[in-house]
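Note: the block below is upload.csv and it holds CSV, C-alpha atoms.
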```csv
chain,number,residue,atom,x,y,z
A,1,MET,CA,102.1,113.3,60.8
A,2,ASN,CA,102.8,117.0,61.3
A,3,ILE,CA,104.4,119.4,63.8
A,4,ASP,CA,102.3,122.2,65.2
A,5,ARG,CA,103.2,125.9,65.5
A,6,SER,CA,104.8,125.5,68.9
A,7,GLN,CA,107.2,122.9,67.6
A,8,TRP,CA,108.1,125.1,64.6
A,9,LYS,CA,109.0,127.7,67.2
A,10,TRP,CA,111.2,125.2,69.1
A,11,LEU,CA,112.9,124.3,65.8
A,12,ALA,CA,113.6,128.0,65.1
A,13,LEU,CA,114.9,128.5,68.6
A,14,SER,CA,117.1,125.4,68.3
A,15,ILE,CA,118.5,126.6,65.0
A,16,VAL,CA,119.1,130.2,66.3
A,17,PHE,CA,120.8,128.9,69.4
A,18,SER,CA,123.0,126.6,67.4
A,19,ILE,CA,124.0,129.4,65.0
A,20,VAL,CA,124.8,131.8,67.8
A,21,VAL,CA,127.1,129.2,69.5
A,22,LEU,CA,128.8,128.3,66.2
A,23,ALA,CA,129.4,132.0,65.5
A,24,LEU,CA,131.0,132.3,69.0
A,25,VAL,CA,133.1,129.2,68.4
A,26,LEU,CA,134.4,130.5,65.1
A,27,TYR,CA,135.1,133.9,66.6
A,28,PHE,CA,137.3,132.5,69.3
A,29,THR,CA,139.1,129.9,67.1
A,30,ILE,CA,139.7,131.4,63.7
A,31,ASP,CA,143.3,132.8,63.1
A,32,GLU,CA,145.7,133.2,60.2
A,33,ASN,CA,146.4,129.5,60.1
A,34,THR,CA,142.7,128.7,59.6
A,35,PHE,CA,142.9,130.1,56.1
A,36,THR,CA,145.9,127.9,55.3
A,37,TYR,CA,143.9,124.9,56.3
A,38,LEU,CA,140.9,126.0,54.2
A,39,ASN,CA,143.1,126.5,51.1
A,40,ALA,CA,144.1,122.8,51.4
A,41,LEU,CA,140.5,121.7,51.9
A,42,LYS,CA,139.8,118.3,50.4
A,43,PRO,CA,136.1,118.3,49.4
A,44,GLU,CA,136.1,114.6,48.5
A,45,PHE,CA,136.3,113.7,52.2
A,46,LEU,CA,133.4,116.0,53.0
A,47,ILE,CA,131.3,114.3,50.2
A,48,ALA,CA,132.3,111.0,51.7
A,49,ALA,CA,131.1,112.2,55.2
A,50,ILE,CA,127.7,113.2,53.7
A,51,LEU,CA,127.4,109.8,52.0
A,52,MET,CA,128.4,108.1,55.2
A,53,HIS,CA,125.6,109.9,57.0
A,54,LEU,CA,123.1,108.8,54.4
A,55,ALA,CA,124.5,105.3,54.7
A,56,SER,CA,123.8,105.4,58.4
A,57,MET,CA,120.2,106.5,57.8
A,58,CYS,CA,119.8,103.5,55.4
A,59,ALA,CA,121.2,101.2,58.1
A,60,TRP,CA,118.6,102.6,60.5
A,61,GLY,CA,115.9,102.1,57.9
A,62,LEU,CA,117.1,98.5,57.4
A,63,ARG,CA,117.1,97.9,61.1
A,64,LEU,CA,113.4,98.9,61.2
A,65,LYS,CA,112.6,96.7,58.2
A,66,PHE,CA,114.4,93.6,59.4
A,67,MET,CA,113.1,93.9,63.0
A,68,ALA,CA,109.6,94.1,61.7
A,69,ARG,CA,110.2,91.3,59.2
A,70,SER,CA,111.3,89.0,62.0
A,71,LEU,CA,107.7,89.3,63.4
A,72,GLY,CA,106.3,88.4,60.0
A,73,TYR,CA,105.5,92.0,58.7
A,74,LYS,CA,106.7,93.1,55.3
A,75,VAL,CA,107.4,96.8,55.5
A,76,PRO,CA,109.0,98.3,52.4
A,77,PHE,CA,112.5,99.7,52.9
A,78,LEU,CA,111.6,103.1,51.5
A,79,HIS,CA,108.7,103.4,53.9
A,80,CYS,CA,111.1,102.6,56.8
A,81,LEU,CA,113.7,105.0,55.5
A,82,ASN,CA,111.1,107.8,55.2
A,83,ALA,CA,110.0,107.1,58.8
A,84,VAL,CA,113.6,107.6,59.9
A,85,PHE,CA,113.8,110.9,58.0
A,86,ALA,CA,110.6,112.2,59.5
A,87,ASN,CA,111.8,111.1,62.9
A,88,LEU,CA,114.8,113.4,62.6
A,89,LEU,CA,112.7,116.5,62.4
A,90,ILE,CA,110.9,115.8,65.6
A,91,ALA,CA,114.2,114.9,67.3
A,92,ALA,CA,115.5,118.4,66.3
A,93,VAL,CA,112.7,120.1,68.3
A,94,THR,CA,112.7,117.9,71.4
A,95,PRO,CA,115.3,118.0,74.2
A,96,SER,CA,118.2,115.6,74.1
A,97,GLN,CA,117.5,114.7,70.4
A,98,VAL,CA,114.9,112.1,71.3
A,99,GLY,CA,111.2,112.2,70.7
A,100,GLY,CA,111.0,110.7,67.2
A,101,GLU,CA,109.8,107.4,68.5
A,102,PRO,CA,106.1,108.1,68.1
A,103,VAL,CA,106.8,109.0,64.4
A,104,ARG,CA,108.4,105.6,63.8
A,105,ILE,CA,105.6,103.8,65.7
A,106,HIS,CA,103.0,105.7,63.6
A,107,GLU,CA,104.7,104.8,60.3
A,108,LEU,CA,105.0,101.1,61.2
A,109,TYR,CA,101.4,101.1,62.2
A,110,ARG,CA,100.5,102.7,58.8
A,111,ALA,CA,102.4,99.7,57.2
A,112,ASP,CA,99.9,97.3,58.9
A,113,VAL,CA,102.1,96.5,61.9
A,114,PRO,CA,99.9,96.2,65.0
A,115,LEU,CA,100.4,99.0,67.5
A,116,GLY,CA,101.8,96.7,70.2
A,117,ASP,CA,104.3,95.2,67.9
A,118,ALA,CA,105.3,98.5,66.4
A,119,THR,CA,105.9,99.9,69.9
A,120,ALA,CA,108.0,96.9,70.8
A,121,ILE,CA,110.1,97.2,67.7
A,122,VAL,CA,110.9,100.9,68.3
A,123,ILE,CA,111.6,100.4,72.0
A,124,MET,CA,113.9,97.5,71.2
A,125,GLU,CA,115.7,99.8,68.8
A,126,ARG,CA,116.5,102.2,71.7
A,127,VAL,CA,117.5,99.3,74.0
A,128,LEU,CA,120.0,98.1,71.4
A,129,ASP,CA,121.3,101.7,71.1
A,130,GLY,CA,121.6,101.8,74.9
A,131,ILE,CA,123.4,98.5,75.2
A,132,LEU,CA,125.9,99.4,72.5
A,133,LEU,CA,126.5,102.9,73.8
A,134,GLY,CA,126.8,101.5,77.3
A,135,ILE,CA,129.5,99.1,76.2
A,136,ILE,CA,131.6,101.5,74.2
A,137,GLY,CA,130.8,104.3,76.6
A,138,GLY,CA,132.4,102.3,79.4
A,139,VAL,CA,135.6,101.9,77.3
A,140,ALA,CA,135.5,105.6,76.4
A,141,ILE,CA,135.0,106.8,80.0
A,142,LEU,CA,137.9,104.6,81.2
A,143,ALA,CA,140.1,106.0,78.5
A,144,MET,CA,139.1,109.5,79.4
A,145,TRP,CA,139.7,108.8,83.0
A,146,ALA,CA,143.2,107.7,82.2
A,147,GLY,CA,143.7,111.1,80.5
A,148,SER,CA,141.9,113.1,83.2
A,149,GLY,CA,145.0,115.1,83.9
A,150,ASP,CA,144.5,116.8,80.6
A,151,LEU,CA,140.7,117.0,80.5
A,152,GLY,CA,140.0,117.5,84.2
A,153,LEU,CA,138.1,115.5,86.8
A,154,SER,CA,135.4,118.2,86.7
A,155,ILE,CA,134.4,116.9,83.2
A,156,THR,CA,135.3,113.2,83.7
A,157,ILE,CA,133.4,112.5,86.9
A,158,PRO,CA,130.0,114.0,85.8
A,159,LEU,CA,130.2,112.1,82.5
A,160,PHE,CA,131.1,108.9,84.3
A,161,MET,CA,128.0,109.4,86.5
A,162,MET,CA,125.9,110.0,83.4
A,163,TRP,CA,127.2,106.8,81.9
A,164,ILE,CA,126.3,104.9,85.1
A,165,LEU,CA,122.7,106.3,84.9
A,166,ILE,CA,122.3,105.2,81.2
A,167,THR,CA,123.7,101.7,81.8
A,168,GLY,CA,121.6,101.4,84.9
A,169,PHE,CA,118.5,102.4,82.9
A,170,VAL,CA,119.2,99.6,80.4
A,171,VAL,CA,119.7,97.0,83.1
A,172,LEU,CA,116.6,98.2,84.9
A,173,PHE,CA,114.6,97.9,81.7
A,174,ALA,CA,115.8,94.4,81.1
A,175,TYR,CA,114.9,93.4,84.7
A,176,SER,CA,111.4,94.9,84.4
A,177,ILE,CA,110.7,92.8,81.3
A,178,LYS,CA,111.3,89.6,83.3
A,179,ASN,CA,109.6,91.0,86.4
A,180,PRO,CA,106.5,93.1,85.4
A,181,ALA,CA,105.4,93.3,89.0
A,182,PHE,CA,108.5,95.4,89.7
A,183,LEU,CA,107.7,97.8,86.9
A,184,LYS,CA,104.1,98.1,88.1
A,185,ASN,CA,105.2,99.0,91.6
A,186,LEU,CA,107.8,101.4,90.3
A,187,VAL,CA,105.3,103.2,88.1
A,188,LYS,CA,102.7,103.3,90.9
A,189,LYS,CA,105.2,104.8,93.3
A,190,ILE,CA,106.3,107.5,90.9
A,191,SER,CA,102.7,108.3,89.9
A,192,GLY,CA,101.7,108.3,93.6
A,193,LEU,CA,103.7,111.5,94.0
A,194,PHE,CA,101.3,113.2,91.7
A,195,THR,CA,98.0,111.5,92.7
A,196,ARG,CA,98.1,111.9,96.5
A,197,ARG,CA,95.1,114.4,96.5
A,198,TRP,CA,93.0,112.3,94.2
A,199,GLN,CA,89.9,110.5,95.5
A,200,ALA,CA,90.3,106.8,96.5
A,201,ASP,CA,88.2,105.5,93.6
A,202,LYS,CA,90.0,107.5,91.0
A,203,ILE,CA,93.4,106.3,92.4
A,204,GLU,CA,92.2,102.7,92.2
A,205,GLU,CA,91.0,103.2,88.6
A,206,PHE,CA,94.3,104.7,87.7
A,207,ALA,CA,96.2,101.9,89.3
A,208,ALA,CA,94.2,99.3,87.4
A,209,LYS,CA,95.0,101.2,84.2
A,210,ILE,CA,98.7,101.1,85.0
A,211,ASP,CA,98.5,97.3,85.6
A,212,SER,CA,96.7,96.9,82.2
A,213,GLU,CA,99.2,99.0,80.3
A,214,VAL,CA,102.2,97.4,81.9
A,215,ASP,CA,100.8,93.9,81.1
A,216,ASN,CA,100.3,95.0,77.5
A,217,PHE,CA,103.8,96.5,77.2
A,218,ASN,CA,105.4,93.5,78.9
A,219,GLY,CA,103.5,91.1,76.7
A,220,ALA,CA,104.6,92.9,73.5
A,221,MET,CA,108.2,93.0,74.6
A,222,THR,CA,108.3,89.4,75.8
A,223,ASN,CA,106.6,88.3,72.5
A,224,TYR,CA,109.2,90.2,70.5
A,225,VAL,CA,112.2,88.7,72.4
A,226,LYS,CA,110.9,85.2,72.2
A,227,GLN,CA,109.7,85.2,68.6
A,228,SER,CA,112.2,87.3,66.8
A,229,LYS,CA,115.7,86.2,67.7
A,230,MET,CA,116.8,87.0,64.1
A,231,GLY,CA,115.3,90.4,64.5
A,232,LEU,CA,117.6,91.1,67.5
A,233,VAL,CA,120.6,89.7,65.5
A,234,TRP,CA,119.9,92.0,62.5
A,235,GLY,CA,119.0,94.8,64.8
A,236,THR,CA,122.4,94.5,66.5
A,237,VAL,CA,124.3,94.3,63.2
A,238,PHE,CA,122.6,97.5,61.8
A,239,THR,CA,123.0,99.3,65.2
A,240,VAL,CA,126.7,98.7,65.2
A,241,PHE,CA,126.9,99.9,61.6
A,242,TYR,CA,124.8,102.9,62.3
A,243,TRP,CA,126.9,104.2,65.2
A,244,PHE,CA,130.2,103.3,63.6
A,245,SER,CA,129.2,105.3,60.5
A,246,GLU,CA,128.0,108.3,62.6
A,247,PHE,CA,131.1,108.4,64.7
A,248,PHE,CA,133.5,108.0,61.7
A,249,ILE,CA,132.0,111.1,60.0
A,250,ALA,CA,134.1,113.3,62.3
A,251,SER,CA,137.3,111.6,61.2
A,252,LEU,CA,136.4,112.1,57.5
A,253,ILE,CA,135.8,115.8,58.2
A,254,LEU,CA,139.2,116.1,59.9
A,255,MET,CA,140.9,114.4,56.9
A,256,GLY,CA,139.1,116.9,54.7
A,257,LEU,CA,140.6,119.7,56.6
A,258,GLY,CA,144.1,118.2,56.3
A,259,GLU,CA,144.3,116.8,59.8
A,260,GLN,CA,145.0,113.3,60.9
A,261,PRO,CA,141.8,111.2,61.4
A,262,HIS,CA,142.4,110.7,65.1
A,263,VAL,CA,140.0,107.7,64.9
A,264,VAL,CA,140.4,106.4,68.5
A,265,GLU,CA,140.3,109.9,70.1
A,266,SER,CA,137.4,110.9,67.9
A,267,PHE,CA,135.4,107.8,68.8
A,268,ILE,CA,136.0,108.5,72.5
A,269,ALA,CA,134.9,112.2,72.0
A,270,GLN,CA,131.8,111.1,69.9
A,271,ILE,CA,130.6,108.7,72.6
A,272,ILE,CA,131.0,111.3,75.3
A,273,ILE,CA,129.2,113.9,73.2
A,274,ALA,CA,126.4,111.3,72.6
A,275,ILE,CA,126.1,110.8,76.3
A,276,ILE,CA,126.0,114.5,77.0
A,277,MET,CA,123.4,115.0,74.3
A,278,MET,CA,121.0,112.6,76.1
A,279,ILE,CA,120.7,115.2,78.9
A,280,PRO,CA,117.4,117.1,78.1
A,281,LEU,CA,118.7,120.7,78.2
A,282,THR,CA,118.0,122.3,74.9
A,283,PRO,CA,115.9,121.4,71.8
A,284,GLY,CA,117.9,119.0,69.6
A,285,SER,CA,120.8,119.6,72.1
A,286,SER,CA,121.7,122.7,70.0
A,287,GLY,CA,124.5,124.6,71.7
A,288,ILE,CA,125.3,121.7,74.0
A,289,ALA,CA,126.6,119.6,71.1
A,290,GLU,CA,128.7,122.5,69.7
A,291,LEU,CA,130.3,123.4,73.0
A,292,SER,CA,131.0,119.8,73.9
A,293,ALA,CA,132.6,119.1,70.5
A,294,THR,CA,134.7,122.2,70.7
A,295,SER,CA,135.9,121.4,74.2
A,296,LEU,CA,136.8,117.8,73.5
A,297,TYR,CA,138.3,118.1,70.0
A,298,SER,CA,140.5,121.1,71.0
A,299,VAL,CA,142.5,118.6,73.2
A,300,PHE,CA,143.9,116.8,70.1
A,301,VAL,CA,143.0,119.0,67.1
A,302,SER,CA,144.7,122.2,66.1
A,303,SER,CA,142.8,125.2,67.6
A,304,SER,CA,142.9,126.9,64.2
A,305,ILE,CA,140.4,124.4,62.7
A,306,VAL,CA,138.4,123.4,65.7
A,307,GLY,CA,135.7,126.0,64.9
A,308,ILE,CA,135.5,125.1,61.2
A,309,PHE,CA,135.4,121.4,62.1
A,310,VAL,CA,132.5,121.8,64.5
A,311,VAL,CA,130.6,123.9,61.9
A,312,LEU,CA,131.0,121.2,59.2
A,313,TRP,CA,130.2,118.4,61.7
A,314,ARG,CA,126.9,120.1,62.8
A,315,LEU,CA,126.0,120.9,59.2
A,316,ILE,CA,126.1,117.2,58.4
A,317,LEU,CA,124.7,115.7,61.6
A,318,TYR,CA,122.2,118.4,62.5
A,319,TYR,CA,121.2,120.8,59.7
A,320,MET,CA,121.2,118.0,57.1
A,321,ASN,CA,118.9,116.0,59.5
A,322,ILE,CA,116.5,118.9,59.6
A,323,PHE,CA,116.4,119.0,55.8
A,324,LEU,CA,115.9,115.2,55.6
A,325,GLY,CA,113.2,115.5,58.3
A,326,ILE,CA,111.2,118.2,56.5
A,327,PHE,CA,111.5,116.1,53.3
A,328,GLY,CA,110.2,113.0,55.0
A,329,SER,CA,107.4,114.9,56.8
A,330,ILE,CA,106.2,116.4,53.6
A,331,ILE,CA,105.9,112.9,52.1
A,332,ILE,CA,103.9,111.7,55.1
A,333,VAL,CA,101.6,114.8,55.1
A,334,LYS,CA,100.9,114.4,51.4
A,335,ARG,CA,100.1,110.7,52.0
A,336,GLU,CA,97.8,111.4,54.9
A,337,ILE,CA,95.9,114.1,52.9
A,338,LEU,CA,95.5,111.6,50.0
A,339,ARG,CA,94.4,108.9,52.5
A,340,GLN,CA,91.8,111.2,53.9
A,341,LYS,CA,90.5,112.2,50.4
A,342,ILE,CA,90.2,108.5,49.5
A,343,SER,CA,88.4,107.7,52.7
A,344,GLN,CA,86.0,110.7,52.1
A,345,ILE,CA,85.4,109.5,48.5
A,346,LYS,CA,84.6,106.0,49.7
A,347,ALA,CA,82.3,107.4,52.4
A,348,ASP,CA,80.6,109.6,49.7
A,349,ILE,CA,80.2,106.6,47.4
A,350,LYS,CA,78.7,104.5,50.2
A,351,ALA,CA,76.3,107.4,51.1
A,352,ASP,CA,75.3,107.7,47.4
A,353,ILE,CA,74.7,103.9,47.2
A,354,ARG,CA,72.5,104.0,50.3
A,355,GLN,CA,70.6,107.0,49.0
A,356,THR,CA,70.1,105.4,45.6
A,357,LYS,CA,68.9,102.2,47.3
A,358,SER,CA,66.5,104.2,49.4
A,359,ASP,CA,65.2,106.1,46.4
A,360,VAL,CA,64.6,102.8,44.5
A,361,GLU,CA,62.8,101.2,47.5
A,362,GLU,CA,60.7,104.4,47.8
A,363,LYS,CA,59.7,104.2,44.1
A,364,VAL,CA,58.9,100.5,44.4
A,365,MET,CA,56.6,101.3,47.3
A,366,GLN,CA,54.9,104.1,45.4
A,367,LYS,CA,54.2,101.8,42.5
A,368,LYS,CA,52.7,99.1,44.8
A,369,GLU,CA,50.4,101.7,46.3
```

Here is a file; write its structure as structure tokens.
Amino acid sequence: MNIDRSQWKWLALSIVFSIVVLALVLYFTIDENTFTYLNALKPEFLIAAILMHLASMCAWGLRLKFMARSLGYKVPFLHCLNAVFANLLIAAVTPSQVGGEPVRIHELYRADVPLGDATAIVIMERVLDGILLGIIGGVAILAMWAGSGDLGLSITIPLFMMWILITGFVVLFAYSIKNPAFLKNLVKKISGLFTRRWQADKIEEFAAKIDSEVDNFNGAMTNYVKQSKMGLVWGTVFTVFYWFSEFFIASLILMGLGEQPHVVESFIAQIIIAIIMMIPLTPGSSGIAELSATSLYSVFVSSSIVGIFVVLWRLILYYMNIFLGIFGSIIIVKREILRQKISQIKADIKADIRQTKSDVEEKVMQKKE
């Protein structure tokens, strides 16, 4: 697993965009009180925030492990954890911080999980994320609506619509699993917009391929839901732990800066930011995340530390992810290189054996003559 030059360019663009936005946020928020807060900085809370983030990564790795185990596959925890790390790097170069799914599927496949089951596991991960975010997102949006006089309907209404779309997608996905014909018709209608000028036989072949792929996908998902009830239970448990840990990091940073944790307000802000970051606007949602956090936290956090807070928050949840992603990717690249070398050595040995056998047979024939 590796990322090509264009993806490295996107990563660089994402980092530059993030740094520029953070610099602007600091420029407009730092004042004389900021240094007073910094003098009272409590590093133990920042260390706790870093450890909390690592704990959430471990929860994600355990979710992969237990969801795979429920289907009968024994995938080592460290292998799952490294898959999560490598996934973070790809997420940092793709819009809306998604895109790491192929990495996790690839790593499960490398751990001898069939491709169909690996795909089902990773998709179910996202479904569990969507269900949880949909539930707590509804609560957050209602709470935000109640305070719309402070935040403004121009912010509340678009976010409410975005939550409706996310929840609708989860419901639509669940319905399509029970009714594969619906999914087939939907995919054909969408693809029909791009295949109108194709020849009839080519369109027919493409439609048959859609039917086959939908049947394979539906079969894998149905099989997972039916055969791995405990996988869904464990997946739900680790999903809750993961998101709780990620959302609580902001409160730990606030306490490290001498502020109140604002747990409820922070959770509402975090779920709103998570919904905003699903919109594919910039690589890794860089810039979008910083501006969203600044706007939301400035409502209940002193303006003197909002900028510092956002910088620390992104250092842990974005820049640390890039570091972990590069670390995980290096491990995978080294493993793949070693795997190729071993395969080549085996191929060379087989070729040598065949050649030796051929030479022996040739000498035997010569003696007989």

query = Can you list, as a count of residues only, every protein, DNA or RNA residue that comes within 10 Å of Ala118 (chain A) when you count all atoms listed in the file, leaving out same-chain residues fewer than 2 positions away?
reply = 24

query = Which polymer residues have any atom within 12 Å of an atom of Glu336 (chain A), counting only C-alpha atoms, with same-chain residues fewer than 4 positions away left out, as a count of residues only?
reply = 13

task = Compile the contact shell of Ile273 (chain A) as an MDAnalysis selection string: residues with an atom at most 8 Å away, counting all atoms listed in the file, same-chain residues fewer than 2 positions apart removed.
result = chainID A and resid 269:271 275:277 289 292:293

key: Residue among A:Phe28, A:Phe45, A:Tyr242, A:Phe267 lying closest to Gly137 (chain A), counting only C-alpha atoms   =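 Smallest separation from Gly137 (chain A) among the options: A:Phe267.
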
ask   = Could you work out how far CA of Glu265 (chain A) lies from CA of Tyr297 (chain A), giving the answer in Å with one decimal?
value =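 Answer for the CA of Tyr297 (chain A) to CA of Glu265 (chain A) separation: 8.4 Å.
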
request  = Quick one: everything within 8 Å of Gly328 (chain A), counting all atoms listed in the file, minus sequence neighbours fewer than 6 positions away in the same chain. Send it as number ranges by chain.
outcome  = A: 82-83, 85-86

request  = Find, counting only C-alpha atoms, the residue in A:Leu165, A:Ile50, A:Val225, A:Cys80 that gets nearest to Asp117 (chain A).
outcome  =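 Nearest to Asp117 (chain A): A:Val225.
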
query = So how far away is CA of Gly256 (chain A) from CA of Phe309 (chain A), in Å?
reply =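 Value for the CA of Phe309 (chain A)-CA of Gly256 (chain A) distance: 9.4 Å.
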
inquiry  = Env of Ile253 (chain A): 12 Å cut, atoms = all atoms listed in the file, seq-sep filter 2 positions within chain, self excluded. Answer as a count of residues only.
reply    = 41

query = When you draw a straight line from CA of Gly168 (chain A) to CA of Leu132 (chain A), how long is it in Å?
reply =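 Answer for the CA of Gly168 (chain A) to CA of Leu132 (chain A) separation: 13.3 Å.
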
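The smallest atom-to-atom distance between Ser56 (chain A) and any of A:Ile326, A:Val84, A:Ile136, A:Val103, using only C-alpha atoms, is found for A:Val84.
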
inquiry  = From the options A:Thr29, A:Asn39, A:Ser358, A:Thr94, which residue's atoms come nearest to Trp8 (chain A), counting only C-alpha atoms?
reply    =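 Using only C-alpha atoms, Trp8 (chain A) sits closest to A:Thr94.
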
key: A:Val93, A:Ile272, A:Leu62, A:Ile15 ranked by distance to Leu81 (chain A), top pick (using all atoms listed in the file)   =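 Closest to Leu81 (chain A) of all the choices is A:Leu62.
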
Could you give me the axis-aligned bounding box of region 275-279 of chain A, with 6 Å of padding per side, as centre plus edge lengths in Å to one decimal, as AutoDock Vina command-line options?
```
--center_x 123.4 --center_y 113.0 --center_z 76.6 --size_x 17.4 --size_y 16.4 --size_z 16.6
```

request  = Give as a list in words each residue that has an atom at most 8 Å from (115.5, 91.5, 64.2) in the file, counting all atoms listed in the file.
outcome  =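 Residues found, by chain and rising number: Arg63, Phe66, Met67, Ala68, Arg69, Ser70, Ser228, Lys229, Met230, Gly231, Leu232, Val233, Trp234, Gly235 and Thr236 of chain A.
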
request  = Rank A:Ala40, A:Thr167, A:Gly72, A:Ser245 by their smallest atom-to-atom distance to Gln227 (chain A), using only C-alpha atoms, and report the top residue only.
outcome  =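 Among the listed residues, A:Gly72 lies closest to Gln227 (chain A).
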